[in-house]
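Okay, structure first, notes after.
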Amino acid sequence: MDFKDKVVLITGSCSGIGRETAKYMARRGAQLSLAGNTDSDLRDVSNECLKYRCVEPLITVGDINDDQYVTSLVEGTVDKFGKIDVLVNAEGAVQFGNIESPQIMEQYEHSFDFNVRPIIYLITCAIPHLKKTRGNIVFVSNLAGIRSMPDLLAYSMTQKTLNQLTRCTALELAPKQIRVNAVNPRATDSPIYEDADCEVEDYYDKLKNFYPLGRLGLPSEVASVIGFLACDRAAFITGATISVDGGRHRSIG
């Protein structure tokens with residue numbers, strides 16, 4: 001899979017799946033626009049990518065919830081590289097809670113404000129440029145959007161929304177030759193859970209028992225599937241939501 005001369009914009013590049021996707025694309029010659037909320041982390045990722053002799057990535061630090069930031073991210077990418085071929089959204093936040101949680105309405109509002117609204121706005125900004133390149137979009141959703149999970153009510157609702165957003169926009173943008181797909185991992189060894197209200201190591205240990213392959217996934221394993229969906233070999237795939245979860249979506253419990 002070759003991304004030489006392709007411009008790839010990746011949100012959530014500071015860590016986890018976004019970071020590994022940046023490195024995956026760099027190894028294959030992509031020109032990278034990396035977005036995240038921490039300058040030092042983005043610079044670390046950029047330096048890692050430069051080891052693969054790629055063009056120096058553009059890094060844009062800011063809050064994905066800020067429309068002005070999203071607009072400048074897209075425009076800055078086009079100003080530097082002249083186009084956008086691939087948009088990867090790996091930004092996301094997990095909150096634990098159920099319908100009886102005192103904070104459920106706060107969690108609901110925060111989850112949709114962070115995991116859905118900015119993504120829709122980002123797409124609208126990127127579409128004019130993706131039309132020109134006949135590019136594609138890959139969302140990072142979650143298994144929680146496919147099957148019910150306890151104590152993940154608000155988060156699960158946002159992931160179901162992302163899956164449906166994938167399917168709907170795939171149909172709407174197909175006439176413009178823009179493909180839209182999503183990956184649905186479950187838990188990976190990723191910092192996303194460090195911000196959630198749980199003991200991460202205990203949570204991971206419990207989860208391993210539910211995976212047919214007997215382990216959690218690695219961000220790099222998800223990144224390789226994102227890379228496939230974004231490459232020309234997947235030119236006839238759109239509207240797909242692919243589980244990358246060690247068989248978890250087929251397991252009982």
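We label chains A, B, ... in the order they appear in the structure tokens, count residues from 1 in each chain, and number ligands from 1 in the order shown.
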
Inset, instruction - Using only C-alpha atoms, determine which residues lie at most 12 Å from Phe236 (chain A), disregarding the query and same-chain residues fewer than 6 positions distant; provide the list as a PyMOL selection string. - result: chain A and resi 136+170+174+177-181+228-230

Inset, instruction - Please provide the set of residues having any atom within 12 Å of Phe114 (chain A), restricted to only C-alpha atoms, with same-chain residues fewer than 4 positions apart removed, written as an NGL selection string. - result: :A and (12 or 63-67 or 90-95 or 107-110 or 118-121 or 154-155 or 158-159 or 162)

Just the selected residues (C-alpha atoms), exported as a compact mmCIF listing (two decimals), in the first residue's frame, please.
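The resulting file, again_23.txt, is reproduced below:
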# COMPACT_ATOMS: atom_id res chain seq x y z
CA GLY A 12 -6.40 12.63 17.43
CA ASP A 63 -9.45 22.02 20.46
CA ILE A 64 -11.50 19.93 18.03
CA ASN A 65 -14.63 21.49 19.54
CA ASP A 66 -13.60 24.93 18.26
CA ASP A 67 -15.07 25.51 14.79
CA ALA A 90 -9.23 9.26 15.44
CA GLU A 91 -10.36 11.80 18.03
CA GLY A 92 -12.65 10.58 20.81
CA ALA A 93 -13.37 10.45 24.53
CA VAL A 94 -14.91 7.75 26.73
CA GLN A 95 -17.17 8.32 29.72
CA GLN A 107 -22.30 12.83 29.97
CA TYR A 108 -24.79 12.79 27.10
CA GLU A 109 -24.11 16.41 26.20
CA HIS A 110 -20.34 16.09 26.56
CA PRO A 118 -16.93 18.41 15.63
CA ILE A 119 -16.67 15.47 13.25
CA ILE A 120 -19.67 16.58 11.24
CA TYR A 121 -18.24 20.08 10.98
CA ALA A 154 -23.73 8.02 26.32
CA TYR A 155 -20.52 6.87 24.65
CA THR A 158 -22.19 8.45 19.96
CA GLN A 159 -20.46 5.44 18.42
CA LEU A 162 -20.67 7.57 13.97

Inset, instruction - May I ask which of the residues A:Val222, A:Gly18, A:Ile146, A:Pro128 is the closest one to Lys176 (chain A), counting only C-alpha atoms? - result: A:Pro128

Within 8 Å of region 34-58 of chain A: each region 64-87 of chain A residue with its shortest pair, only C-alpha atoms, as JSON lines:
{"residue": "A:Ile64", "atom": "CA", "partner": "A:Gly36", "partner_atom": "CA", "distance": 7.7}
{"residue": "A:Leu73", "atom": "CA", "partner": "A:Ala35", "partner_atom": "CA", "distance": 7.5}
{"residue": "A:Thr77", "atom": "CA", "partner": "A:Leu58", "partner_atom": "CA", "distance": 7.2}
{"residue": "A:Lys80", "atom": "CA", "partner": "A:Leu58", "partner_atom": "CA", "distance": 7.8}

The selected residues should be written to file as a tab-separated table (two decimals), in the first residue's frame (atoms: all heavy atoms).
chain	number	residue	atom	x	y	z
A	64	ILE	N	-10.65	20.39	19.12
A	64	ILE	CA	-11.50	19.93	18.03
A	64	ILE	C	-12.93	20.46	18.16
A	64	ILE	O	-13.69	20.49	17.19
A	64	ILE	CB	-11.52	18.38	17.97
A	64	ILE	CG1	-12.07	17.88	16.63
A	64	ILE	CG2	-12.30	17.80	19.13
A	64	ILE	CD1	-11.18	18.10	15.47
A	73	LEU	N	-7.53	24.24	10.50
A	73	LEU	CA	-6.84	22.97	10.29
A	73	LEU	C	-6.95	22.54	8.84
A	73	LEU	O	-5.95	22.17	8.20
A	73	LEU	CB	-7.46	21.90	11.21
A	73	LEU	CG	-7.08	20.45	10.95
A	73	LEU	CD1	-5.59	20.24	11.17
A	73	LEU	CD2	-7.89	19.52	11.87
A	77	THR	N	-3.92	22.84	6.00
A	77	THR	CA	-3.45	21.64	5.30
A	77	THR	C	-3.39	21.89	3.80
A	77	THR	O	-2.39	21.56	3.13
A	77	THR	CB	-4.38	20.45	5.59
A	77	THR	OG1	-4.42	20.21	7.00
A	77	THR	CG2	-3.90	19.20	4.88
A	80	LYS	N	-0.56	24.32	2.81
A	80	LYS	CA	0.78	23.73	2.82
A	80	LYS	C	0.99	22.70	1.72
A	80	LYS	O	2.01	22.69	1.03
A	80	LYS	CB	1.08	23.09	4.18
A	80	LYS	CG	2.47	22.46	4.27
A	80	LYS	CD	2.77	21.94	5.65
A	80	LYS	CE	4.13	21.22	5.71
A	80	LYS	NZ	5.26	22.12	5.44

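Among the candidates A:Ala235, A:Leu213, A:Met105, A:Val88, the one nearest to Ile123 (chain A) when counting only C-alpha atoms is A:Val88.
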
Inset, instruction - Return the single residue from A:Val86, A:Val244, A:Met1, A:Val8 that is closest to Gly217 (chain A), with distances computed using only C-alpha atoms. - result: A:Val244

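Closest approach to Ile99 (chain A) among A:Leu216, A:Leu32, A:Ile84, A:Leu153 is made by A:Leu153 (distances from only C-alpha atoms).
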
Inset, instruction - From region 27-193 of chain A, collect each residue whose DSSP state is helix (DSSP H, G or I) and return the set as an MDAnalysis selection string. - result: chainID A and resid 27 39:50 67:81 104:115 117:133 143:145 153:176 191:193

Inset, instruction - Could you give me, as a ChimeraX atom specification, the residues within 9 Å of Pro150 (chain A), counting only C-alpha atoms and dropping anything in the same chain fewer than 3 positions from it? - result: /A:96-98,153

Inset, instruction - Run DSSP on the backbone and give me the residues of region 4-222 of chain A it puts in strand (DSSP E or B), as a ChimeraX atom specification. - result: /A:7-11,31-36,58-61,86-89,97,136-140,152,179-185,188,217

Can those selected residues be exported to a file as a tab-separated table (two decimals), in the first residue's frame so that it contains N, CA, C and O atoms?
chain	number	residue	atom	x	y	z
A	7	VAL	N	-1.93	13.27	0.54
A	7	VAL	CA	-1.98	14.12	1.72
A	7	VAL	C	-3.03	13.55	2.67
A	7	VAL	O	-4.21	13.41	2.30
A	8	VAL	N	-2.61	13.22	3.88
A	8	VAL	CA	-3.46	12.57	4.85
A	8	VAL	C	-3.59	13.46	6.08
A	8	VAL	O	-2.59	13.78	6.73
A	9	LEU	N	-4.81	13.85	6.41
A	9	LEU	CA	-5.09	14.65	7.60
A	9	LEU	C	-5.63	13.71	8.68
A	9	LEU	O	-6.61	12.99	8.45
A	10	ILE	N	-4.99	13.71	9.85
A	10	ILE	CA	-5.37	12.81	10.93
A	10	ILE	C	-5.65	13.60	12.20
A	10	ILE	O	-4.77	14.29	12.72
A	11	THR	N	-6.87	13.51	12.71
A	11	THR	CA	-7.18	14.11	14.01
A	11	THR	C	-6.91	13.07	15.11
A	11	THR	O	-6.90	11.87	14.85
A	31	GLN	N	2.17	12.52	2.91
A	31	GLN	CA	2.40	13.85	3.46
A	31	GLN	C	1.33	14.07	4.52
A	31	GLN	O	0.14	13.97	4.23
A	32	LEU	N	1.75	14.38	5.74
A	32	LEU	CA	0.86	14.32	6.88
A	32	LEU	C	0.50	15.68	7.45
A	32	LEU	O	1.35	16.56	7.62
A	33	SER	N	-0.77	15.83	7.78
A	33	SER	CA	-1.27	16.95	8.57
A	33	SER	C	-1.80	16.36	9.87
A	33	SER	O	-2.79	15.61	9.86
A	34	LEU	N	-1.15	16.66	10.99
A	34	LEU	CA	-1.45	16.02	12.26
A	34	LEU	C	-2.12	17.02	13.20
A	34	LEU	O	-1.61	18.12	13.43
A	35	ALA	N	-3.26	16.62	13.75
A	35	ALA	CA	-4.03	17.49	14.63
A	35	ALA	C	-4.17	16.85	16.00
A	35	ALA	O	-4.35	15.63	16.12
A	36	GLY	N	-4.11	17.67	17.03
A	36	GLY	CA	-4.27	17.20	18.40
A	36	GLY	C	-4.26	18.37	19.36
A	36	GLY	O	-4.09	19.52	18.96
A	58	LEU	N	2.80	18.70	8.94
A	58	LEU	CA	2.21	19.92	9.47
A	58	LEU	C	1.53	19.55	10.78
A	58	LEU	O	0.75	18.59	10.82
A	59	ILE	N	1.81	20.27	11.85
A	59	ILE	CA	1.13	20.00	13.12
A	59	ILE	C	0.28	21.22	13.48
A	59	ILE	O	0.72	22.36	13.36
A	60	THR	N	-0.95	20.94	13.89
A	60	THR	CA	-1.90	22.00	14.23
A	60	THR	C	-2.49	21.67	15.59
A	60	THR	O	-3.25	20.70	15.73
A	61	VAL	N	-2.14	22.46	16.59
A	61	VAL	CA	-2.58	22.22	17.97
A	61	VAL	C	-3.85	23.01	18.24
A	61	VAL	O	-3.95	24.18	17.90
A	86	VAL	N	-6.95	12.10	2.04
A	86	VAL	CA	-7.53	11.20	3.05
A	86	VAL	C	-7.75	11.98	4.34
A	86	VAL	O	-6.87	12.72	4.79
A	87	LEU	N	-8.93	11.79	4.92
A	87	LEU	CA	-9.25	12.35	6.23
A	87	LEU	C	-9.49	11.20	7.19
A	87	LEU	O	-10.36	10.36	6.95
A	88	VAL	N	-8.71	11.13	8.26
A	88	VAL	CA	-8.87	10.10	9.28
A	88	VAL	C	-9.25	10.78	10.59
A	88	VAL	O	-8.48	11.62	11.10
A	89	ASN	N	-10.40	10.43	11.13
A	89	ASN	CA	-10.78	10.98	12.43
A	89	ASN	C	-10.55	9.94	13.51
A	89	ASN	O	-11.27	8.95	13.60
A	97	GLY	N	-20.93	5.40	32.43
A	97	GLY	CA	-22.15	5.76	33.12
A	97	GLY	C	-23.35	5.06	32.51
A	97	GLY	O	-23.31	4.62	31.36
A	136	ASN	N	-11.02	10.09	0.36
A	136	ASN	CA	-11.85	9.25	1.22
A	136	ASN	C	-11.69	9.62	2.68
A	136	ASN	O	-10.73	10.29	3.07
A	137	ILE	N	-12.65	9.16	3.46
A	137	ILE	CA	-12.72	9.43	4.90
A	137	ILE	C	-12.75	8.10	5.64
A	137	ILE	O	-13.46	7.17	5.22
A	138	VAL	N	-12.00	8.01	6.73
A	138	VAL	CA	-12.08	6.84	7.61
A	138	VAL	C	-12.33	7.33	9.03
A	138	VAL	O	-11.55	8.12	9.58
A	139	PHE	N	-13.43	6.87	9.61
A	139	PHE	CA	-13.75	7.17	11.00
A	139	PHE	C	-13.21	6.07	11.91
A	139	PHE	O	-13.22	4.89	11.55
A	140	VAL	N	-12.78	6.46	13.11
A	140	VAL	CA	-12.51	5.48	14.16
A	140	VAL	C	-13.70	5.52	15.10
A	140	VAL	O	-13.89	6.46	15.86
A	152	LEU	N	-21.83	2.22	29.48
A	152	LEU	CA	-21.24	3.06	28.43
A	152	LEU	C	-22.35	3.72	27.62
A	152	LEU	O	-22.24	3.88	26.41
A	179	ARG	N	-15.18	8.16	-0.91
A	179	ARG	CA	-15.52	6.97	-0.13
A	179	ARG	C	-15.50	7.30	1.37
A	179	ARG	O	-14.71	8.13	1.82
A	180	VAL	N	-16.36	6.63	2.14
A	180	VAL	CA	-16.43	6.83	3.59
A	180	VAL	C	-16.56	5.47	4.26
A	180	VAL	O	-17.49	4.71	3.95
A	181	ASN	N	-15.65	5.16	5.17
A	181	ASN	CA	-15.68	3.89	5.89
A	181	ASN	C	-15.31	4.13	7.35
A	181	ASN	O	-14.88	5.22	7.73
A	182	ALA	N	-15.47	3.08	8.17
A	182	ALA	CA	-15.13	3.20	9.58
A	182	ALA	C	-14.54	1.89	10.09
A	182	ALA	O	-14.88	0.81	9.59
A	183	VAL	N	-13.68	2.01	11.09
A	183	VAL	CA	-13.22	0.84	11.83
A	183	VAL	C	-13.88	0.87	13.20
A	183	VAL	O	-14.13	1.93	13.76
A	184	ASN	N	-14.18	-0.33	13.72
A	184	ASN	CA	-14.82	-0.46	15.03
A	184	ASN	C	-13.97	-1.34	15.94
A	184	ASN	O	-14.23	-2.53	16.09
A	185	PRO	N	-12.92	-0.78	16.54
A	185	PRO	CA	-12.18	-1.56	17.54
A	185	PRO	C	-12.97	-1.60	18.84
A	185	PRO	O	-13.97	-0.90	19.00
A	188	THR	N	-8.31	-1.08	22.99
A	188	THR	CA	-6.93	-1.29	22.60
A	188	THR	C	-6.06	-0.71	23.71
A	188	THR	O	-6.55	0.05	24.55
A	217	GLY	N	-6.40	-5.55	21.61
A	217	GLY	CA	-5.75	-5.18	20.37
A	217	GLY	C	-4.69	-4.13	20.59
A	217	GLY	O	-4.61	-3.48	21.63

Inset, instruction - May I ask which of the residues A:Gln164, A:Ser224, A:Ser243, A:Ser141 is the closest one to Arg28 (chain A), counting only C-alpha atoms? - result: A:Ser224

Legend entry - Residue contacts of Gly145 (chain A) (7 Å, only C-alpha atoms) excluding same-chain residues fewer than 5 positions away, as a VMD selection string: chain A and resid 156 to 157 159 to 160 163

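Closest to Ser15 (chain A) among A:Thr238, A:Gly246, A:Ser220, A:Ala30 is A:Ser220, based on only C-alpha atoms.
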
Inset, instruction - Quick one: pull the distance between CA of Asp232 (chain A) and CA of Cys14 (chain A), Å, one decimal. - result: 26.1 Å
